[in-house]
file run06.cif (mmCIF, C-alpha atoms)
data_input
#
loop_
_atom_site.label_atom_id
_atom_site.label_comp_id
_atom_site.auth_asym_id
_atom_site.auth_seq_id
_atom_site.Cartn_x
_atom_site.Cartn_y
_atom_site.Cartn_z
CA MET Z 447 2.45 -33.10 79.32
CA ASN Z 448 0.90 -30.84 76.71
CA GLN Z 449 0.95 -27.06 76.89
CA GLU Z 450 -2.65 -26.81 78.12
CA GLN Z 451 -1.93 -29.17 80.99
CA ASN Z 452 1.27 -27.30 81.78
CA ASN Z 453 -0.60 -23.98 81.86
CA GLN Z 454 -3.19 -25.46 84.22
CA LYS Z 455 -0.41 -26.73 86.44
CA PHE Z 456 0.94 -23.28 87.22
CA SER Z 457 -2.12 -21.08 86.73
CA THR Z 458 -4.25 -22.42 89.58
CA PRO Z 459 -1.87 -21.87 92.53
CA ALA Z 460 -0.70 -18.57 91.08
CA ALA Z 461 -4.29 -17.40 90.76
CA ILE Z 462 -4.92 -18.07 94.45
CA VAL Z 463 -1.89 -16.10 95.57
CA LEU Z 464 -2.12 -13.34 92.99
CA GLY Z 465 -5.23 -12.02 94.66
CA ALA Z 466 -3.23 -11.45 97.82
CA VAL Z 467 -0.37 -10.00 95.82
CA ILE Z 468 -2.66 -7.50 94.12
CA ILE Z 469 -4.08 -6.40 97.46
CA ALA Z 470 -0.61 -5.97 98.93
CA LEU Z 471 0.59 -4.00 95.93
CA ALA Z 472 -2.54 -1.86 95.92
CA VAL Z 473 -1.95 -0.92 99.53
CA ILE Z 474 1.62 0.11 98.75
CA TRP Z 475 0.48 2.04 95.68
CA ALA Z 476 -2.21 3.81 97.70
CA LEU Z 477 0.42 5.00 100.14
CA HIS Z 478 2.41 6.61 97.34
CA PRO Z 479 -0.10 7.89 94.78
CA SER Z 480 0.57 10.58 92.22
CA SER Z 481 -0.73 13.72 93.84
CA PRO Z 482 -2.91 15.92 91.63
CA SER Z 483 -1.80 18.90 93.72
CA ALA Z 484 1.78 18.30 92.57
CA ALA Z 485 0.89 20.06 89.33
CA ASN Z 486 0.87 23.35 91.27
CA GLN Z 487 4.30 22.79 92.75
CA PRO Z 488 7.69 23.49 91.14
CA THR Z 489 9.23 20.61 89.23
CA PRO Z 490 12.32 19.28 91.04
CA SER Z 491 15.64 19.43 89.24
CA VAL Z 492 16.66 16.06 87.85
CA ASN Z 493 19.89 14.34 86.98
CA ILE Z 494 20.11 10.85 85.54
CA ASN Z 495 23.16 10.25 87.74
CA ASN Z 496 20.91 10.42 90.79
CA VAL Z 497 18.31 7.98 89.46
CA LYS Z 498 18.52 4.42 90.74
CA VAL Z 499 19.31 2.17 87.78
CA ALA Z 500 21.16 -0.73 89.42
CA GLY Z 501 19.11 -3.91 89.39
CA GLU Z 502 16.40 -2.44 87.17
CA PRO Z 503 15.32 -4.03 83.87
CA PHE Z 504 17.04 -2.42 80.91
CA VAL Z 505 17.68 -2.82 77.23
CA GLY Z 506 20.90 -1.95 75.44
CA ASN Z 507 24.60 -2.04 76.24
CA ALA Z 508 25.08 -1.98 80.02
CA ASN Z 509 27.99 0.43 79.50
CA ALA Z 510 26.27 2.73 77.01
CA PRO Z 511 27.37 6.36 77.50
CA ILE Z 512 23.78 7.66 77.79
CA THR Z 513 21.12 6.26 80.10
CA ILE Z 514 17.41 6.98 79.78
CA ALA Z 515 15.18 6.32 82.78
CA TYR Z 516 11.77 5.47 81.35
CA PHE Z 517 8.77 5.63 83.71
CA PHE Z 518 5.75 3.78 82.35
CA ASP Z 519 2.43 2.05 83.10
CA TYR Z 520 1.42 -0.98 81.07
CA GLN Z 521 -2.19 0.25 80.91
CA CYS Z 522 -1.32 3.78 79.79
CA PRO Z 523 -2.53 4.50 76.23
CA PHE Z 524 0.02 7.29 75.82
CA CYS Z 525 2.77 4.82 76.72
CA LYS Z 526 1.46 2.56 73.99
CA GLN Z 527 1.67 5.47 71.58
CA ASP Z 528 5.33 5.92 72.54
CA GLU Z 529 5.93 2.18 72.24
CA GLU Z 530 4.60 2.22 68.69
CA THR Z 531 6.43 5.33 67.51
CA VAL Z 532 9.24 6.73 69.65
CA ILE Z 533 10.69 3.59 71.26
CA PRO Z 534 11.29 1.69 67.97
CA GLN Z 535 13.19 4.70 66.62
CA LEU Z 536 15.21 4.92 69.81
CA MET Z 537 16.02 1.24 69.54
CA THR Z 538 17.20 1.56 65.94
CA ASP Z 539 19.12 4.82 66.21
CA TYR Z 540 20.60 4.66 69.70
CA VAL Z 541 20.08 1.42 71.62
CA ASN Z 542 21.08 -1.07 68.93
CA THR Z 543 24.12 1.07 68.09
CA GLY Z 544 25.37 1.02 71.69
CA LYS Z 545 24.84 4.74 72.34
CA VAL Z 546 21.94 4.52 74.79
CA LYS Z 547 20.47 2.10 77.28
CA ILE Z 548 16.87 2.40 78.42
CA VAL Z 549 16.17 1.58 82.06
CA PHE Z 550 12.56 0.60 82.74
CA LYS Z 551 11.07 2.21 85.85
CA ASP Z 552 7.67 1.09 87.10
CA PHE Z 553 5.09 3.85 87.60
CA PRO Z 554 1.83 1.89 87.91
CA PHE Z 555 -0.85 4.43 88.78
CA LEU Z 556 -3.83 3.11 86.82
CA GLY Z 557 -5.00 0.42 89.20
CA PRO Z 558 -4.49 -3.21 90.23
CA ASP Z 559 -3.97 -4.56 86.70
CA SER Z 560 -1.03 -2.20 86.24
CA LEU Z 561 0.50 -3.55 89.44
CA THR Z 562 0.01 -7.15 88.34
CA LEU Z 563 1.67 -6.45 85.00
CA SER Z 564 4.61 -4.76 86.70
CA THR Z 565 4.95 -7.81 88.96
CA ALA Z 566 4.97 -10.10 85.93
CA ALA Z 567 7.57 -7.89 84.25
CA ARG Z 568 9.89 -8.21 87.23
CA ALA Z 569 9.56 -11.99 87.09
CA VAL Z 570 10.22 -12.03 83.35
CA TRP Z 571 13.37 -10.00 83.91
CA ASP Z 572 14.58 -12.51 86.49
CA VAL Z 573 13.78 -15.54 84.33
CA GLU Z 574 14.80 -14.37 80.85
CA PRO Z 575 16.31 -10.85 80.75
CA ASP Z 576 17.29 -11.19 77.08
CA LYS Z 577 13.59 -11.49 76.20
CA PHE Z 578 12.37 -8.75 78.52
CA TYR Z 579 11.93 -6.11 75.84
CA GLU Z 580 10.17 -8.57 73.52
CA TRP Z 581 7.75 -9.40 76.35
CA HIS Z 582 7.36 -5.73 77.25
CA LYS Z 583 6.45 -4.89 73.65
CA ALA Z 584 4.05 -7.84 73.43
CA VAL Z 585 2.15 -6.55 76.45
CA TYR Z 586 1.66 -3.17 74.79
CA ASP Z 587 0.64 -4.87 71.56
CA ALA Z 588 -2.07 -6.68 73.55
CA GLN Z 589 -3.13 -3.63 75.58
CA GLY Z 590 -6.88 -3.23 76.02
CA GLU Z 591 -8.99 -0.36 77.28
CA GLU Z 592 -7.67 1.22 80.47
CA GLY Z 593 -9.34 -0.32 83.51
CA SER Z 594 -11.33 -2.80 81.43
CA GLY Z 595 -9.82 -5.84 83.15
CA TRP Z 596 -8.02 -7.00 80.01
CA ALA Z 597 -4.85 -7.89 81.92
CA THR Z 598 -6.13 -11.13 83.39
CA GLN Z 599 -3.79 -13.83 84.63
CA THR Z 600 -4.79 -15.93 81.63
CA GLU Z 601 -3.88 -13.14 79.22
CA ILE Z 602 -0.59 -12.39 80.98
CA MET Z 603 0.38 -16.06 80.95
CA LYS Z 604 -0.59 -16.37 77.29
CA ILE Z 605 1.68 -13.45 76.39
CA THR Z 606 4.44 -14.87 78.57
CA THR Z 607 4.14 -18.35 77.07
CA ASP Z 608 4.15 -16.95 73.53
CA VAL Z 609 7.36 -15.02 74.18
CA LEU Z 610 9.25 -17.23 76.64
CA GLY Z 611 7.75 -20.68 76.09
CA ALA Z 612 5.76 -22.80 78.51
CA THR Z 613 8.65 -23.82 80.79
CA ASP Z 614 9.90 -20.29 81.40
CA ALA Z 615 6.32 -19.01 81.70
CA ALA Z 616 5.80 -21.50 84.53
CA GLN Z 617 8.88 -20.06 86.25
CA VAL Z 618 7.49 -16.55 85.82
CA ALA Z 619 4.20 -17.58 87.43
CA ASN Z 620 6.09 -19.17 90.31
CA LEU Z 621 8.29 -16.12 90.90
CA MET Z 622 5.28 -13.83 90.91
CA THR Z 623 4.21 -15.76 93.99
CA VAL Z 624 7.55 -16.54 95.65
CA ASN Z 625 9.00 -13.04 95.15
CA ALA Z 626 5.74 -11.13 95.62
CA ALA Z 627 6.98 -9.05 98.57
CA LYS Z 628 10.34 -8.33 96.89
CA TYR Z 629 8.70 -7.20 93.67
CA ALA Z 630 6.14 -5.12 95.56
CA ALA Z 631 8.94 -3.26 97.33
CA GLU Z 632 10.84 -2.65 94.07
CA ILE Z 633 7.73 -1.38 92.30
CA ALA Z 634 6.84 0.90 95.20
CA ALA Z 635 10.40 2.26 95.26
CA ASP Z 636 10.22 3.15 91.55
CA LYS Z 637 6.86 4.84 92.06
CA THR Z 638 8.08 6.82 95.07
CA GLU Z 639 11.25 7.84 93.24
CA GLY Z 640 9.23 9.00 90.25
CA ASP Z 641 6.98 11.08 92.50
CA SER Z 642 10.03 12.72 94.08
CA LEU Z 643 11.43 13.57 90.64
CA GLY Z 644 8.27 15.28 89.44
CA VAL Z 645 6.83 12.45 87.38
CA GLN Z 646 3.08 13.06 87.46
CA GLY Z 647 2.03 10.64 84.75
CA THR Z 648 3.32 8.40 82.02
CA PRO Z 649 5.23 8.12 79.81
CA ALA Z 650 8.09 10.10 81.35
CA MET Z 651 11.80 10.04 80.59
CA ILE Z 652 14.81 11.42 82.40
CA ILE Z 653 17.66 12.08 79.99
CA GLY Z 654 20.67 13.88 81.38
CA THR Z 655 19.21 16.77 83.37
CA GLN Z 656 15.90 16.88 81.53
CA LEU Z 657 12.53 15.42 82.51
CA LEU Z 658 10.27 14.81 79.53
CA VAL Z 659 6.68 14.05 80.52
CA GLY Z 660 4.02 12.85 78.12
CA ALA Z 661 4.16 11.54 74.57
CA GLU Z 662 6.94 13.86 73.41
CA PRO Z 663 7.92 13.94 69.74
CA TYR Z 664 11.00 11.96 68.80
CA SER Z 665 12.85 15.20 67.98
CA ALA Z 666 12.54 16.34 71.61
CA ILE Z 667 14.09 13.11 72.81
CA GLN Z 668 16.89 13.38 70.26
CA SER Z 669 17.62 16.92 71.50
CA ALA Z 670 17.74 15.71 75.10
CA ILE Z 671 20.13 12.90 74.16
CA ALA Z 672 22.37 15.35 72.28
CA ALA Z 673 22.40 17.70 75.27
CA ALA Z 674 23.26 14.84 77.62
CA ALA Z 675 26.09 13.70 75.35
CA LYS Z 676 27.46 17.24 75.09
CA SER Z 677 27.53 17.68 78.86
CA GLN Z 678 29.65 14.57 79.42
#
call {"tool": "encode", "arguments": {"input": "run06.cif", "output": "structure tokens"}}
result
Amino acid sequence: MNQEQNNQKFSTPAAIVLGAVIIALAVIWALHPSSPSAANQPTPSVNINNVKVAGEPFVGNANAPITIAYFFDYQCPFCKQDEETVIPQLMTDYVNTGKVKIVFKDFPFLGPDSLTLSTAARAVWDVEPDKFYEWHKAVYDAQGEEGSGWATQTEIMKITTDVLGATDAAQVANLMTVNAAKYAAEIAADKTEGDSLGVQGTPAMIIGTQLLVGAEPYSAIQSAIAAAAKSQ
């Protein structure tokens, strides 16, 4: 069976169910939206020790002394800016040296495509966790205009096949269907947690007892990491 036939094999049934998945996720997202009025309320105090990290996708040494909770949306252009500048530096200076692990927290607030991408990400993590970050980066490399409909099933499966190969991509497509309710609950939990912590948009990072919102310069993140290390 060639790759085109293999893609057709898993794309058709997934396409039928994904519509229902998107609707279900959209309902959950609508129940927990980012509230514009939150900007007028005091920012809650944060502590990385109180952020749920167990079971979440992450990159780095599982026992790294510093944990960063990274709230993101795959359609967010400011997240892409971070992915092209800040995250690579973090990877080189801290993650690859065992000092920091980055925990990926879903905060999809830009519509149904964001929810679909988060669902795919959860499936990728379950199928091939060692390639999660490579897939994550590939999605941002392929990012189109916000709300333009660029994140089609065909595009998502193309990215997934390029990174994981056709066999694992088929497993991802299957899990997006089989585990739809499970992933929807996990995504909604991340979104609700972010709302409770004062995350009003993406990107946002919790480092130690600091919440950094927006495309912060790398120096600000380094300072937060140093402060977190000092407080240990």
call {"tool": "residues_around", "arguments": {"input": "run06.cif", "residues": "Ala508 of chain Z", "least_positions_apart": "4", "cutoff": "10 Å", "atoms": "all atoms listed in the file", "output": "list in words"}}
result
Phe504, Ile512, Thr513, Gly544, Val546, Lys547, Ile548 and Val549 of chain Z
call {"tool": "residues_around", "arguments": {"input": "run06.cif", "residues": "segment 657-662 of chain Z", "least_positions_apart": "2", "cutoff": "10 Å", "atoms": "only C-alpha atoms", "output": "short mmCIF file (atom, residue, chain, number, x, y, z; two decimals) with C-alpha atoms, keeping the file's coordinate frame"}}
result
data_model
loop_
_atom_site.label_atom_id
_atom_site.label_comp_id
_atom_site.auth_asym_id
_atom_site.auth_seq_id
_atom_site.Cartn_x
_atom_site.Cartn_y
_atom_site.Cartn_z
CA THR Z 489 9.23 20.61 89.23
CA PRO Z 490 12.32 19.28 91.04
CA SER Z 491 15.64 19.43 89.24
CA VAL Z 492 16.66 16.06 87.85
CA ASN Z 493 19.89 14.34 86.98
CA ILE Z 494 20.11 10.85 85.54
CA ALA Z 515 15.18 6.32 82.78
CA TYR Z 516 11.77 5.47 81.35
CA PHE Z 517 8.77 5.63 83.71
CA PRO Z 523 -2.53 4.50 76.23
CA PHE Z 524 0.02 7.29 75.82
CA CYS Z 525 2.77 4.82 76.72
CA LYS Z 526 1.46 2.56 73.99
CA GLN Z 527 1.67 5.47 71.58
CA ASP Z 528 5.33 5.92 72.54
CA GLU Z 529 5.93 2.18 72.24
CA THR Z 531 6.43 5.33 67.51
CA VAL Z 532 9.24 6.73 69.65
CA LEU Z 643 11.43 13.57 90.64
CA GLY Z 644 8.27 15.28 89.44
CA VAL Z 645 6.83 12.45 87.38
CA GLN Z 646 3.08 13.06 87.46
CA GLY Z 647 2.03 10.64 84.75
CA THR Z 648 3.32 8.40 82.02
CA PRO Z 649 5.23 8.12 79.81
CA ALA Z 650 8.09 10.10 81.35
CA MET Z 651 11.80 10.04 80.59
CA ILE Z 652 14.81 11.42 82.40
CA ILE Z 653 17.66 12.08 79.99
CA GLY Z 654 20.67 13.88 81.38
CA THR Z 655 19.21 16.77 83.37
CA TYR Z 664 11.00 11.96 68.80
CA SER Z 665 12.85 15.20 67.98
CA ALA Z 666 12.54 16.34 71.61
CA ILE Z 667 14.09 13.11 72.81
CA ALA Z 670 17.74 15.71 75.10
#
call {"tool": "atom_distance", "arguments": {"input": "run06.cif", "atom1": "atom CA of Lys637 of chain Z", "atom2": "atom CA of Pro554 of chain Z"}}
result
7.2 Å
call {"tool": "atom_distance", "arguments": {"input": "run06.cif", "atom1": "atom CA of Glu591 of chain Z", "atom2": "atom CA of Thr538 of chain Z"}}
result
28.6 Å
call {"tool": "atom_distance", "arguments": {"input": "run06.cif", "atom1": "atom CA of Phe553 of chain Z", "atom2": "atom CA of Ala675 of chain Z"}}
result
26.2 Å
call {"tool": "resolve_selection", "arguments": {"input": "run06.cif", "expression": "the PyMOL selection byres ((chain Z and resi 506) around 6)", "output": "number ranges by chain"}}
result
Z: 505, 507, 541, 547
call {"tool": "residues_around", "arguments": {"input": "run06.cif", "residues": "segment 567-580 of chain Z", "least_positions_apart": "2", "cutoff": "9 Å", "atoms": "all atoms listed in the file", "output": "ChimeraX atom specification"}}
result
/Z:502-505,562-565,582-585,606,609-610,614-615,617-622,625,629,632-633
call {"tool": "residues_around", "arguments": {"input": "run06.cif", "residues": "Met603 of chain Z", "least_positions_apart": "2", "cutoff": "9 Å", "atoms": "only C-alpha atoms", "output": "PDB file with C-alpha atoms, in the frame of the given file"}}
result
ATOM      1  CA  ASN Z 453      -0.600 -23.980  81.860  1.00  0.00           C
ATOM      2  CA  SER Z 457      -2.120 -21.080  86.730  1.00  0.00           C
ATOM      3  CA  THR Z 598      -6.130 -11.130  83.390  1.00  0.00           C
ATOM      4  CA  GLN Z 599      -3.790 -13.830  84.630  1.00  0.00           C
ATOM      5  CA  THR Z 600      -4.790 -15.930  81.630  1.00  0.00           C
ATOM      6  CA  GLU Z 601      -3.880 -13.140  79.220  1.00  0.00           C
ATOM      7  CA  ILE Z 605       1.680 -13.450  76.390  1.00  0.00           C
ATOM      8  CA  THR Z 606       4.440 -14.870  78.570  1.00  0.00           C
ATOM      9  CA  THR Z 607       4.140 -18.350  77.070  1.00  0.00           C
ATOM     10  CA  ASP Z 608       4.150 -16.950  73.530  1.00  0.00           C
ATOM     11  CA  ALA Z 612       5.760 -22.800  78.510  1.00  0.00           C
ATOM     12  CA  ALA Z 615       6.320 -19.010  81.700  1.00  0.00           C
ATOM     13  CA  ALA Z 616       5.800 -21.500  84.530  1.00  0.00           C
ATOM     14  CA  VAL Z 618       7.490 -16.550  85.820  1.00  0.00           C
ATOM     15  CA  ALA Z 619       4.200 -17.580  87.430  1.00  0.00           C
TER      16      ALA Z 619
END
call {"tool": "closest_residue", "arguments": {"input": "run06.cif", "among": "Z:Ile514, Z:Ala634, Z:Gly593, Z:Asp519", "to": "Tyr540 of chain Z", "atoms": "all atoms listed in the file"}}
result
Z:Ile514
call {"tool": "closest_residue", "arguments": {"input": "run06.cif", "among": "Z:Gln589, Z:Asn542, Z:Ser560, Z:Ser677", "to": "Glu530 of chain Z", "atoms": "all atoms listed in the file"}}
result
Z:Gln589
call {"tool": "closest_residue", "arguments": {"input": "run06.cif", "among": "Z:Asn495, Z:Asn509, Z:Gln656, Z:Ser642", "to": "Ala673 of chain Z", "atoms": "all atoms listed in the file"}}
result
Z:Gln656
call {"tool": "closest_residue", "arguments": {"input": "run06.cif", "among": "Z:Gln535, Z:Gln521, Z:Thr613, Z:Thr623", "to": "Ala566 of chain Z", "atoms": "only C-alpha atoms"}}
result
Z:Thr623
call {"tool": "closest_residue", "arguments": {"input": "run06.cif", "among": "Z:Ile671, Z:Lys604, Z:Asp641, Z:Ala510", "to": "Trp581 of chain Z", "atoms": "all atoms listed in the file"}}
result
Z:Lys604
